[in-house]
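Q: One structure, pasted below without further comment.
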Amino acid sequence: MSPLGDTCLLCLGNYEIAIPKNAPVSTTITKRNSNIADQKIYTHWNVDLGDFYFQIHLSSDPLSRLKVFIEKSTKTAVVIESLNVNEIPGKKWGDYSSPRTWIDWWFRKDELTLCLNLQSTIYPFAPPSERDKLLHDAIIQSIS
């Protein structure tokens with residue numbers, strides 16, 4: 001049996017992601033208007049998985065921007081992993097580690113980038129169970 005159990009599809013732009021049917025999904029909408037010429041509204045989807053959650057958004061940024069983003073935000077000299085899920089190229093950074101689980105996946109299809117960030121709700125670090133890891137991987141592997 002799949003670690004996802006009964007699923008539904010979260011449809012975002014030209015992407016579909018299988019998530020557990022009972023996982024609450026919420027949205028956060030932010031408006032950045034510091035530059036009057038560049039007023040943009042961003043939508044972030046949050047998928048609650050108990051001790052973990054995915055924060056998801058869409059972007060026009062290319063995959064190469066993930067490294068720039070991480071190095072500008074939190075770390076230096078990061079190594080970004082290349083991956084491919086269902087013939088969709090992607091990049092990954094992060095791990096289940098102390099002080100907090102933080103993993104980013106970016107996928108690029110056509111001119112749209114799907115950005116997923118997995119975080120733990122427990123701080124400081126609480127190790128994920130094997131079931132948690134299988135669930136997170138099943139969600140990532142479902143992206144189409």
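A note on labels: chains of the structure tokens are A, B, ... as shown, every chain counts residues from 1, and ligands are counted from 1 in their shown order.
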Contacts of region 106-121 of chain A at 7 Å or less, counting only C-alpha atoms, minus same-chain residues fewer than 4 places along, as a PDB file with C-alpha atoms, in the first residue's frame?

A:
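Output file part_29.pdb follows:
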ATOM      1  CA  ASP A  51       4.961  16.920  12.367  1.00  0.00           C
ATOM      2  CA  PHE A  52       5.923  18.270   8.918  1.00  0.00           C
ATOM      3  CA  TYR A  53       4.447  20.525   6.276  1.00  0.00           C
ATOM      4  CA  PHE A  54       5.084  21.419   2.672  1.00  0.00           C
ATOM      5  CA  GLN A  55       5.025  25.073   1.686  1.00  0.00           C
ATOM      6  CA  ILE A  56       4.517  25.302  -2.081  1.00  0.00           C
ATOM      7  CA  HIS A  57       4.506  28.145  -4.582  1.00  0.00           C
ATOM      8  CA  LEU A  58       4.926  28.743  -8.303  1.00  0.00           C
ATOM      9  CA  SER A  59       7.646  30.905  -9.789  1.00  0.00           C
ATOM     10  CA  SER A  60       9.076  32.049 -13.089  1.00  0.00           C
ATOM     11  CA  ASP A  61      12.620  31.597 -11.700  1.00  0.00           C
ATOM     12  CA  PRO A  62      14.861  29.091 -13.519  1.00  0.00           C
ATOM     13  CA  LEU A  63      16.198  26.074 -11.596  1.00  0.00           C
ATOM     14  CA  ILE A  88      10.440  16.806 -15.021  1.00  0.00           C
ATOM     15  CA  PRO A  89      13.911  18.214 -14.280  1.00  0.00           C
ATOM     16  CA  GLY A  90      14.504  19.505 -10.795  1.00  0.00           C
ATOM     17  CA  LYS A  91      16.951  20.608  -8.140  1.00  0.00           C
ATOM     18  CA  LYS A  92      17.101  19.741  -4.441  1.00  0.00           C
ATOM     19  CA  ARG A 100      15.388  21.882  11.856  1.00  0.00           C
ATOM     20  CA  THR A 101      14.385  19.823   8.854  1.00  0.00           C
ATOM     21  CA  TRP A 102      14.541  22.043   5.779  1.00  0.00           C
TER      22      TRP A 102
END

Q: Please identify all polymer residues within 8 Å of Pro3 (chain A), counting only C-alpha atoms, omitting same-chain residues fewer than 6 positions from it, and present them as a PyMOL selection string.

A: chain A and resi 131+134-135+138

Q: DSSP on the backbone: which residues in region 37-74 of chain A end up as strand (DSSP E or B)? Give the answer as number ranges by chain.

A: A: 40-48, 52-59

Q: Please determine, counting only C-alpha atoms, which residue among A:Ser73, A:Ser129, A:Gln141, A:Ile103 has the shortest atom-to-atom distance to Val85 (chain A).

A: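 For Val85 (chain A), the nearest of the given residues is A:Gln141.
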
Q: May I have the residues within 12 Å of Asn22 (chain A) as a ChimeraX atom specification, using only C-alpha atoms and disregarding those fewer than 6 positions away in the same chain?

A: /A:4-9,47-50

Q: Go ahead and write the selection's residues with N, CA and C atoms as a short mmCIF file (atom, residue, chain, number, x, y, z; two decimals), in the first residue's frame.

A:
data_model
loop_
_atom_site.label_atom_id
_atom_site.label_comp_id
_atom_site.auth_asym_id
_atom_site.auth_seq_id
_atom_site.Cartn_x
_atom_site.Cartn_y
_atom_site.Cartn_z
N LEU A 4 0.93 7.17 0.85
CA LEU A 4 -0.02 8.27 0.74
C LEU A 4 -1.43 7.89 1.18
N GLY A 5 -1.76 6.58 1.17
CA GLY A 5 -3.14 6.18 1.48
C GLY A 5 -4.08 6.73 0.43
N ASP A 6 -5.30 7.08 0.83
CA ASP A 6 -6.25 7.71 -0.09
C ASP A 6 -5.73 9.09 -0.44
N THR A 7 -5.74 9.43 -1.73
CA THR A 7 -5.17 10.70 -2.17
C THR A 7 -6.16 11.59 -2.88
N CYS A 8 -5.77 12.83 -2.99
CA CYS A 8 -6.42 13.77 -3.89
C CYS A 8 -5.29 14.48 -4.63
N LEU A 9 -5.62 15.13 -5.72
CA LEU A 9 -4.61 15.84 -6.50
C LEU A 9 -4.67 17.34 -6.21
N VAL A 47 0.61 22.38 2.93
CA VAL A 47 0.04 21.05 3.10
C VAL A 47 0.50 20.53 4.45
N ASP A 48 -0.42 20.37 5.38
CA ASP A 48 -0.12 19.97 6.75
C ASP A 48 -0.05 18.45 6.83
N LEU A 49 1.11 17.95 7.26
CA LEU A 49 1.33 16.51 7.39
C LEU A 49 1.63 16.13 8.85
N GLY A 50 1.11 16.88 9.78
CA GLY A 50 1.35 16.59 11.20
C GLY A 50 2.63 17.22 11.69
#

Q: How many Å separate CA of Tyr123 (chain A) from CA of Ser26 (chain A)?

A: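 Taking CA of Tyr123 (chain A) as the start and CA of Ser26 (chain A) as the end point, the length is 21.3 Å.
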